[in-house]
Amino acid sequence: MNVPAEFDSIRPYEPEELPQAYERLLADPQFRQVLAFALPGVPLEQIREKMMACKTNYEFQLSFCYNFVQFVVDKLTAGCGIDASAVDKTGRYTFVSNHRDIVLDSGFLDKLLVDAGFNTTCEIAIGNNLLSLPWVKDLVRINKSFIVRRGLTPRETLAASRLMSDYMHFVIEKKHDNIWIAQREGRAKDSDDRTQPAILKMMAIGGGCGSVTEKLRRLHIAPLAISYEFDPCDFLKAKEFQLKRDNAGWKKSAEDDVVSMRTGIMGYKGRVHYQCAPCIDAWLDTLDPSTPKTEIFDVIAEHIDHEIHRNYRLYPSNYIALDALEGGRAFADKYTDEDKAVFDKYLAGQLAKIDLPGKDDDFLMERMLTMYANPARNYIKARQ
């Protein structure tokens with residue numbers, strides 16, 4: 001497909017660019033270490049031959065990424081599934097989801113869409129802050145990712161937002177592919193998942209002529225609820241909370257992001273479930289046309305939040321954490337004494353991994369409990 005040159009700086013690699021990208025990957029020592037973990041004992045020349053046989057990004061995903069994600073599912077989850085019955089498998093959607101794991105939120109989704117009978121995966125929105133390593137940037141662009149530029153001046157941000165919006169419309173309308181984008185920049189560290197209106201404003205800033213609702217309708221937004229029984233990065237997120245509490249100027253480094261990516265992939269996640277809510281196109285048609293522009297993005301964001309919250313799949317860990325924080329047993333019918341013992345032991349183990357000067361155990365435990373309780377709070381409210 002002829003992709004306009006204006007998108008060259010952010011788009012995934014095109015098929016003719018793949019061979020050179022493969023060679024750069026295979027020559028990188030760090031990527032070879034990844035291969036040794038993902039494909040132990042497989043000779044490099046055999047991997048090269050298999051890579052070069054992948055003529056499209058989708059073929060690469062099926063040949064390499066699918067099997068790696070299946071390995072993660074088999075070894076590091078207690079099952080990973082999707083309910084996509086609310087959407088048409090022949091349609092194309094912009095999946096807007098809550099954000100738990102830097103790598104696997106979109107990785108699991110791609111695999112699950114294939115399993116569910118879709119004939120394509122997603123183009124994935126990924127922040128350039130995660131692409132400090134050249135081989136990572138190559139890998140994600142092979143893997144159908146487009147780049148979200150961050151850390152810009154206000155003027156640069158406006159131009160970058162328009163470019164990304166135009167590209168997203170191009171993907172849906174011309175490339176006929178799906179998109180995955182998180183509902184906010186970065187993960188909600190306390191799992192209180194809220195859609196940033198700025199994400200919706202970005203989607204509507206480009207895409208040619210039309211009202212806000214017309215342009216968003218053309219992206220076919222489908223809210224997607226992601227539920228993990230255990231978050232391997234919970235202790236890292238809790239550690240961030242204390243670092244920010246104790247030092248207002250503290251900021252994550254690129255190395256911190258690498259640690260989070262590695263921990264998220266390698267840690268045990270328990271049960272994982274993806275639930276697609278209906279596409280919001282029909283709901284957008286019900287909006288009052290006179291809704292002020294200053295309010296419309298907030299209204300749409302609230303609807304997406306409601307759809308995500310009511311479609312969570314809750315686990316004993318969520319209810320145990322909520323009872324622990326509220327000091328009662330209001331949800332004791334949702335878990336057993338054994339469930340509680342397992343979760344208590346798990347949290348104690350995660351707390352022990354945190355190495356901080358002036359470590360505040362009570363604060364850190366409250367932060368981790370909140371991460372598990374908030375999905376239950378939001379689910380209960382959305383279902384009332």
# chains A, B, ... in the order shown; residues from 1 in each chain; ligands from 1
>>> residues_around(residues="A:Phe146", least_positions_apart="5", cutoff="10 Å", atoms="only C-alpha atoms", output="ChimeraX atom specification")
/A:7-13,123-128,140-141,164,167-168,179
>>> write_last_selection(atoms="N, CA, C and O atoms", output="CSV table (one decimal), in the first residue's frame")
chain,number,residue,atom,x,y,z
A,7,PHE,N,3.8,10.4,7.0
A,7,PHE,CA,3.7,9.5,8.1
A,7,PHE,C,5.0,8.7,8.4
A,7,PHE,O,5.1,7.9,9.3
A,8,ASP,N,6.1,8.9,7.6
A,8,ASP,CA,7.3,8.1,7.7
A,8,ASP,C,7.9,8.1,9.1
A,8,ASP,O,8.5,7.1,9.5
A,9,SER,N,7.8,9.2,9.8
A,9,SER,CA,8.5,9.3,11.1
A,9,SER,C,7.8,8.5,12.2
A,9,SER,O,8.4,8.3,13.2
A,10,ILE,N,6.5,8.1,12.0
A,10,ILE,CA,5.8,7.5,13.1
A,10,ILE,C,5.3,6.1,12.7
A,10,ILE,O,4.9,5.3,13.6
A,11,ARG,N,5.1,5.8,11.4
A,11,ARG,CA,4.4,4.6,11.0
A,11,ARG,C,5.3,3.3,11.3
A,11,ARG,O,6.5,3.4,11.4
A,12,PRO,N,4.6,2.1,11.3
A,12,PRO,CA,5.4,0.9,11.3
A,12,PRO,C,6.2,0.7,10.0
A,12,PRO,O,5.9,1.5,9.0
A,13,TYR,N,7.1,-0.2,10.0
A,13,TYR,CA,7.9,-0.4,8.7
A,13,TYR,C,6.9,-1.0,7.7
A,13,TYR,O,6.0,-1.8,8.0
A,123,GLU,N,-2.6,-2.2,14.8
A,123,GLU,CA,-1.5,-1.2,14.9
A,123,GLU,C,-1.5,-0.6,16.3
A,123,GLU,O,-2.5,-0.2,16.8
A,124,ILE,N,-0.3,-0.6,16.9
A,124,ILE,CA,-0.2,-0.3,18.3
A,124,ILE,C,0.4,1.1,18.6
A,124,ILE,O,1.5,1.4,18.0
A,125,ALA,N,-0.3,1.9,19.4
A,125,ALA,CA,0.3,3.2,19.7
A,125,ALA,C,1.3,3.1,20.9
A,125,ALA,O,0.9,2.5,21.9
A,126,ILE,N,2.5,3.5,20.7
A,126,ILE,CA,3.6,3.3,21.7
A,126,ILE,C,4.4,4.6,21.8
A,126,ILE,O,4.8,5.2,20.8
A,127,GLY,N,4.6,5.0,23.1
A,127,GLY,CA,5.3,6.3,23.4
A,127,GLY,C,6.8,6.1,23.0
A,127,GLY,O,7.4,5.1,23.3
A,128,ASN,N,7.4,7.2,22.5
A,128,ASN,CA,8.8,7.2,22.1
A,128,ASN,C,9.7,7.1,23.3
A,128,ASN,O,10.9,6.8,23.2
A,140,VAL,N,9.5,-3.0,17.5
A,140,VAL,CA,8.1,-2.5,17.6
A,140,VAL,C,7.6,-2.0,16.3
A,140,VAL,O,6.4,-2.2,16.0
A,141,ARG,N,8.4,-1.4,15.5
A,141,ARG,CA,8.0,-1.0,14.2
A,141,ARG,C,7.8,-2.2,13.2
A,141,ARG,O,6.9,-2.1,12.3
A,164,MET,N,-0.6,12.3,14.2
A,164,MET,CA,-1.0,11.0,14.7
A,164,MET,C,-2.5,10.7,14.4
A,164,MET,O,-2.9,9.6,14.1
A,167,TYR,N,-2.9,9.9,10.9
A,167,TYR,CA,-2.4,8.5,10.7
A,167,TYR,C,-3.5,7.5,11.1
A,167,TYR,O,-3.7,6.5,10.4
A,168,MET,N,-4.1,7.7,12.3
A,168,MET,CA,-5.0,6.7,12.8
A,168,MET,C,-6.2,6.6,11.9
A,168,MET,O,-6.7,5.5,11.6
A,179,ILE,N,-6.6,-0.7,15.5
A,179,ILE,CA,-5.7,0.1,16.3
A,179,ILE,C,-5.9,-0.2,17.8
A,179,ILE,O,-7.0,-0.5,18.2
>>> residues_around(residues="A:Asp288", least_positions_apart="4", cutoff="12 Å", atoms="only C-alpha atoms", output="PDB file with C-alpha atoms, in the first residue's frame")
ATOM      1  CA  THR A 213     -18.588  13.044  16.770  1.00  0.00           C
ATOM      2  CA  TRP A 283     -24.002   5.818  21.192  1.00  0.00           C
ATOM      3  CA  LEU A 284     -22.261   8.828  19.599  1.00  0.00           C
ATOM      4  CA  PRO A 292     -20.475  22.445  23.956  1.00  0.00           C
ATOM      5  CA  LYS A 293     -17.044  21.567  22.614  1.00  0.00           C
ATOM      6  CA  GLU A 295     -17.780  19.390  27.470  1.00  0.00           C
ATOM      7  CA  ILE A 296     -18.097  16.830  24.687  1.00  0.00           C
ATOM      8  CA  VAL A 299     -18.900  13.196  28.187  1.00  0.00           C
ATOM      9  CA  ILE A 300     -17.387  10.697  25.738  1.00  0.00           C
TER      10      ILE A 300
END
>>> atom_distance(atom1="atom CA of A:Leu44", atom2="atom CA of A:Arg24")
13.3 Å
>>> residues_around(residues="stretch 90-93 of chain A", least_positions_apart="2", cutoff="9 Å", atoms="only C-alpha atoms", output="compact mmCIF listing (two decimals) with N, CA and C atoms, in the first residue's frame")
# COMPACT_ATOMS: atom_id res chain seq x y z
N VAL A 87 -18.41 -7.17 19.18
CA VAL A 87 -17.95 -6.50 17.96
C VAL A 87 -17.98 -7.49 16.79
N ASP A 88 -17.96 -6.93 15.58
CA ASP A 88 -17.99 -7.72 14.35
C ASP A 88 -16.56 -8.06 13.94
N PHE A 95 -9.42 0.07 19.37
CA PHE A 95 -9.63 -0.46 20.72
C PHE A 95 -8.99 0.50 21.73
N PHE A 118 -10.35 -13.03 14.05
CA PHE A 118 -10.06 -11.84 13.25
C PHE A 118 -8.97 -12.20 12.23
N ASN A 119 -9.00 -11.55 11.07
CA ASN A 119 -7.98 -11.86 10.07
C ASN A 119 -6.85 -10.83 10.05
N CYS A 122 -3.55 -5.58 15.35
CA CYS A 122 -3.72 -4.14 15.59
C CYS A 122 -2.44 -3.40 15.26
N ILE A 172 -7.48 3.11 9.80
CA ILE A 172 -8.83 2.55 9.81
C ILE A 172 -9.47 2.60 8.42
N GLU A 173 -9.36 3.76 7.75
CA GLU A 173 -10.12 3.99 6.53
C GLU A 173 -9.43 3.50 5.26
N HIS A 176 -7.34 -0.38 6.45
CA HIS A 176 -8.33 -1.35 6.95
C HIS A 176 -7.72 -2.28 7.99
N ASP A 177 -7.08 -1.66 8.97
CA ASP A 177 -6.51 -2.42 10.08
C ASP A 177 -7.11 -1.89 11.38
N ASN A 178 -6.91 -2.65 12.46
CA ASN A 178 -7.33 -2.21 13.78
C ASN A 178 -6.23 -1.38 14.42
N ILE A 179 -6.60 -0.67 15.49
CA ILE A 179 -5.67 0.12 16.29
C ILE A 179 -5.89 -0.23 17.75
N TRP A 180 -4.79 -0.27 18.51
CA TRP A 180 -4.90 -0.31 19.98
C TRP A 180 -4.22 0.92 20.53
N LEU A 219 -13.53 6.43 13.42
CA LEU A 219 -12.48 5.59 14.02
C LEU A 219 -13.05 4.33 14.68
N HIS A 220 -14.36 4.25 14.79
CA HIS A 220 -15.03 3.05 15.33
C HIS A 220 -14.40 2.61 16.66
N ILE A 221 -14.52 3.48 17.67
CA ILE A 221 -13.92 3.22 18.98
C ILE A 221 -14.66 2.10 19.70
N ALA A 222 -13.91 1.12 20.15
CA ALA A 222 -14.48 0.01 20.93
C ALA A 222 -13.77 -0.02 22.29
N CYS A 279 -18.89 -1.22 20.11
CA CYS A 279 -18.39 0.01 19.48
C CYS A 279 -19.31 1.16 19.83
>>> select_by_dssp(residues="stretch 109-357 of chain A", states="strand (DSSP E or B)", output="PyMOL selection string")
chain A and resi 122-127+145-148+178-182+221-228+272-276
>>> closest_atom_pairs(of="stretch 160-248 of chain A", to="stretch 262-271 of chain A", cutoff="12 Å", atoms="only C-alpha atoms", output="CSV")
residue,atom,partner,partner_atom,distance
A:Ile226,CA,A:Arg271,CA,10.9
A:Ser227,CA,A:Arg271,CA,8.1
A:Tyr228,CA,A:Arg271,CA,6.0
A:Glu229,CA,A:Gly270,CA,5.1
A:Phe230,CA,A:Lys269,CA,4.7
A:Asp231,CA,A:Lys269,CA,5.8
A:Pro232,CA,A:Gly267,CA,4.9
A:Cys233,CA,A:Gly264,CA,5.8
A:Asp234,CA,A:Gly264,CA,9.4
A:Phe235,CA,A:Thr263,CA,10.2
A:Leu236,CA,A:Thr263,CA,8.9
A:Lys237,CA,A:Gly264,CA,11.4
>>> select_by_dssp(residues="stretch 125-218 of chain A", states="helix (DSSP H, G or I)", output="count of residues only")
50
>>> residues_around(residues="A:Glu17", least_positions_apart="4", cutoff="10 Å", atoms="only C-alpha atoms", output="list in words")
Pro12, Tyr13, Ala21, Tyr22, Lys55, Thr56 and Ile142 of chain A
>>> atom_distance(atom1="atom CA of A:Thr121", atom2="atom CA of A:Ser211")
28.6 Å
>>> closest_residue(among="A:Asn374, A:Thr120, A:Ser317, A:Asn98", to="A:Gly186", atoms="only C-alpha atoms")
A:Asn98
>>> closest_residue(among="A:Thr370, A:Ser132, A:Gln275, A:Thr153", to="A:Arg310", atoms="only C-alpha atoms")
A:Gln275
>>> atom_distance(atom1="atom CA of A:Phe64", atom2="atom CA of A:Lys50")
9.0 Å
>>> residues_around(residues="stretch 193-204 of chain A", least_positions_apart="3", cutoff="7 Å", atoms="only C-alpha atoms", output="PyMOL selection string")
chain A and resi 98+161-162+165+183-184+188+207+212+215-216+297-298+301+305
>>> write_last_selection(atoms="all heavy atoms", output="CSV table (one decimal), in the first residue's frame")
chain,number,residue,atom,x,y,z
A,98,ASN,N,-8.0,0.2,29.2
A,98,ASN,CA,-7.2,0.5,30.3
A,98,ASN,C,-5.8,-0.1,30.1
A,98,ASN,O,-5.6,-0.9,29.3
A,98,ASN,CB,-7.9,0.0,31.6
A,98,ASN,CG,-8.2,-1.5,31.6
A,98,ASN,OD1,-8.7,-2.0,30.6
A,98,ASN,ND2,-7.8,-2.2,32.6
A,161,SER,N,0.1,15.8,17.4
A,161,SER,CA,-1.2,15.2,17.6
A,161,SER,C,-2.0,15.2,16.3
A,161,SER,O,-2.7,14.2,16.0
A,161,SER,CB,-2.0,16.1,18.6
A,161,SER,OG,-1.4,16.0,19.9
A,162,ARG,N,-1.9,16.2,15.5
A,162,ARG,CA,-2.6,16.2,14.2
A,162,ARG,C,-2.1,15.1,13.3
A,162,ARG,O,-2.8,14.4,12.6
A,162,ARG,CB,-2.5,17.6,13.5
A,162,ARG,CG,-3.2,17.7,12.2
A,162,ARG,CD,-3.3,19.1,11.7
A,162,ARG,NE,-4.2,19.9,12.5
A,162,ARG,CZ,-3.9,20.9,13.3
A,162,ARG,NH1,-2.6,21.2,13.4
A,162,ARG,NH2,-4.8,21.6,13.9
A,165,SER,N,-3.3,11.8,14.6
A,165,SER,CA,-4.7,11.6,14.3
A,165,SER,C,-5.0,11.3,12.9
A,165,SER,O,-5.8,10.4,12.5
A,165,SER,CB,-5.5,12.9,14.7
A,165,SER,OG,-6.9,12.8,14.4
A,183,GLN,N,-6.1,4.3,27.1
A,183,GLN,CA,-7.0,5.4,27.4
A,183,GLN,C,-6.4,6.6,28.0
A,183,GLN,O,-7.0,7.6,28.2
A,183,GLN,CB,-8.1,4.9,28.4
A,183,GLN,CG,-7.6,4.5,29.7
A,183,GLN,CD,-8.7,4.0,30.7
A,183,GLN,OE1,-8.4,3.4,31.7
A,183,GLN,NE2,-10.0,4.2,30.4
A,184,ARG,N,-5.1,6.4,28.4
A,184,ARG,CA,-4.3,7.6,29.0
A,184,ARG,C,-2.9,7.4,28.7
A,184,ARG,O,-2.4,6.3,28.3
A,184,ARG,CB,-4.6,7.6,30.5
A,184,ARG,CG,-4.3,6.3,31.2
A,184,ARG,CD,-4.2,6.4,32.7
A,184,ARG,NE,-2.9,7.1,33.0
A,184,ARG,CZ,-2.7,7.9,34.0
A,184,ARG,NH1,-3.7,8.2,34.8
A,184,ARG,NH2,-1.5,8.5,34.2
A,188,ALA,N,-2.2,3.6,34.7
A,188,ALA,CA,-2.8,4.1,35.9
A,188,ALA,C,-2.2,3.3,37.0
A,188,ALA,O,-2.5,2.2,37.3
A,188,ALA,CB,-4.3,4.0,35.9
A,207,GLY,N,-8.0,13.9,10.6
A,207,GLY,CA,-9.1,13.1,10.0
A,207,GLY,C,-10.0,13.9,9.0
A,207,GLY,O,-11.1,13.5,8.7
A,212,VAL,N,-16.8,16.8,15.7
A,212,VAL,CA,-16.0,15.9,16.7
A,212,VAL,C,-16.6,14.5,16.6
A,212,VAL,O,-15.9,13.5,16.5
A,212,VAL,CB,-16.1,16.4,18.1
A,212,VAL,CG1,-15.7,15.3,19.1
A,212,VAL,CG2,-15.2,17.6,18.2
A,215,LYS,N,-16.0,12.6,13.3
A,215,LYS,CA,-14.6,12.1,13.1
A,215,LYS,C,-14.3,10.9,14.1
A,215,LYS,O,-13.6,10.0,13.7
A,215,LYS,CB,-13.6,13.3,13.4
A,215,LYS,CG,-13.6,14.3,12.2
A,215,LYS,CD,-12.4,15.1,12.1
A,215,LYS,CE,-12.5,16.3,13.0
A,215,LYS,NZ,-11.3,17.2,12.7
A,216,LEU,N,-14.8,11.0,15.3
A,216,LEU,CA,-14.6,9.9,16.2
A,216,LEU,C,-15.4,8.6,15.7
A,216,LEU,O,-14.9,7.5,15.9
A,216,LEU,CB,-15.1,10.2,17.6
A,216,LEU,CG,-14.2,11.3,18.3
A,216,LEU,CD1,-14.7,11.6,19.7
A,216,LEU,CD2,-12.7,10.8,18.4
A,297,PHE,N,-15.8,16.1,25.0
A,297,PHE,CA,-14.8,15.1,25.2
A,297,PHE,C,-14.9,14.5,26.6
A,297,PHE,O,-14.6,13.3,26.8
A,297,PHE,CB,-13.4,15.7,25.0
A,297,PHE,CG,-13.1,16.1,23.6
A,297,PHE,CD1,-13.0,17.5,23.3
A,297,PHE,CD2,-13.0,15.2,22.6
A,297,PHE,CE1,-12.8,17.9,22.0
A,297,PHE,CE2,-12.8,15.6,21.3
A,297,PHE,CZ,-12.7,16.9,21.0
A,298,ASP,N,-15.3,15.3,27.6
A,298,ASP,CA,-15.5,14.7,29.0
A,298,ASP,C,-16.7,13.7,29.0
A,298,ASP,O,-16.6,12.7,29.6
A,298,ASP,CB,-15.8,15.9,30.0
A,298,ASP,CG,-14.6,16.8,30.2
A,298,ASP,OD1,-13.4,16.3,30.1
A,298,ASP,OD2,-14.8,18.0,30.5
A,301,ALA,N,-15.5,10.6,27.3
A,301,ALA,CA,-14.5,9.9,28.1
A,301,ALA,C,-15.3,9.1,29.2
A,301,ALA,O,-14.9,8.0,29.6
A,301,ALA,CB,-13.5,10.8,28.7
A,305,ASP,N,-15.2,5.1,30.0
A,305,ASP,CA,-14.9,4.6,31.4
A,305,ASP,C,-15.9,3.7,31.9
A,305,ASP,O,-15.6,2.6,32.4
A,305,ASP,CB,-14.7,5.8,32.3
A,305,ASP,CG,-13.5,6.7,32.0
A,305,ASP,OD1,-12.7,6.2,31.2
A,305,ASP,OD2,-13.4,7.8,32.6
>>> closest_residue(among="A:Asn2, A:Leu112, A:Ala182, A:Val171", to="A:Gly79", atoms="only C-alpha atoms")
A:Leu112
>>> closest_residue(among="A:Val3, A:Ala254, A:Met365, A:Cys209", to="A:Leu325", atoms="only C-alpha atoms")
A:Met365
>>> closest_residue(among="A:Gln242, A:Thr294, A:Thr336, A:Thr77", to="A:Pro357", atoms="only C-alpha atoms")
A:Gln242
>>> residues_around(residues="A:Ile354", least_positions_apart="3", cutoff="10 Å", atoms="only C-alpha atoms", output="VMD selection string")
chain A and resid 235 to 236 238 to 239 349 to 351 357 359 to 361 364
>>> closest_residue(among="A:Leu224, A:Ile147, A:Ala84, A:Val96", to="A:Ile181", atoms="only C-alpha atoms")
A:Val96
>>> residues_around(residues="A:Leu109", least_positions_apart="4", cutoff="8 Å", atoms="only C-alpha atoms", output="PDB file with N, CA and C atoms, in the first residue's frame")
ATOM      1  N   LEU A 104       2.562  -6.264  27.328  1.00  0.00           N
ATOM      2  CA  LEU A 104       1.625  -7.362  27.118  1.00  0.00           C
ATOM      3  C   LEU A 104       0.184  -6.942  26.891  1.00  0.00           C
ATOM      4  N   ASP A 105      -0.208  -5.727  27.268  1.00  0.00           N
ATOM      5  CA  ASP A 105      -1.587  -5.314  26.988  1.00  0.00           C
ATOM      6  C   ASP A 105      -1.892  -5.472  25.497  1.00  0.00           C
ATOM      7  N   LEU A 113      -6.978 -11.693  19.314  1.00  0.00           N
ATOM      8  CA  LEU A 113      -7.756 -11.390  18.116  1.00  0.00           C
ATOM      9  C   LEU A 113      -7.602 -12.499  17.075  1.00  0.00           C
ATOM     10  N   THR A 121      -4.427  -8.140  13.149  1.00  0.00           N
ATOM     11  CA  THR A 121      -4.191  -7.806  14.558  1.00  0.00           C
ATOM     12  C   THR A 121      -4.462  -6.313  14.742  1.00  0.00           C
ATOM     13  N   TYR A 274      -9.822 -10.357  28.586  1.00  0.00           N
ATOM     14  CA  TYR A 274     -10.119  -9.176  27.768  1.00  0.00           C
ATOM     15  C   TYR A 274     -11.606  -9.219  27.416  1.00  0.00           C
TER      16      TYR A 274
END
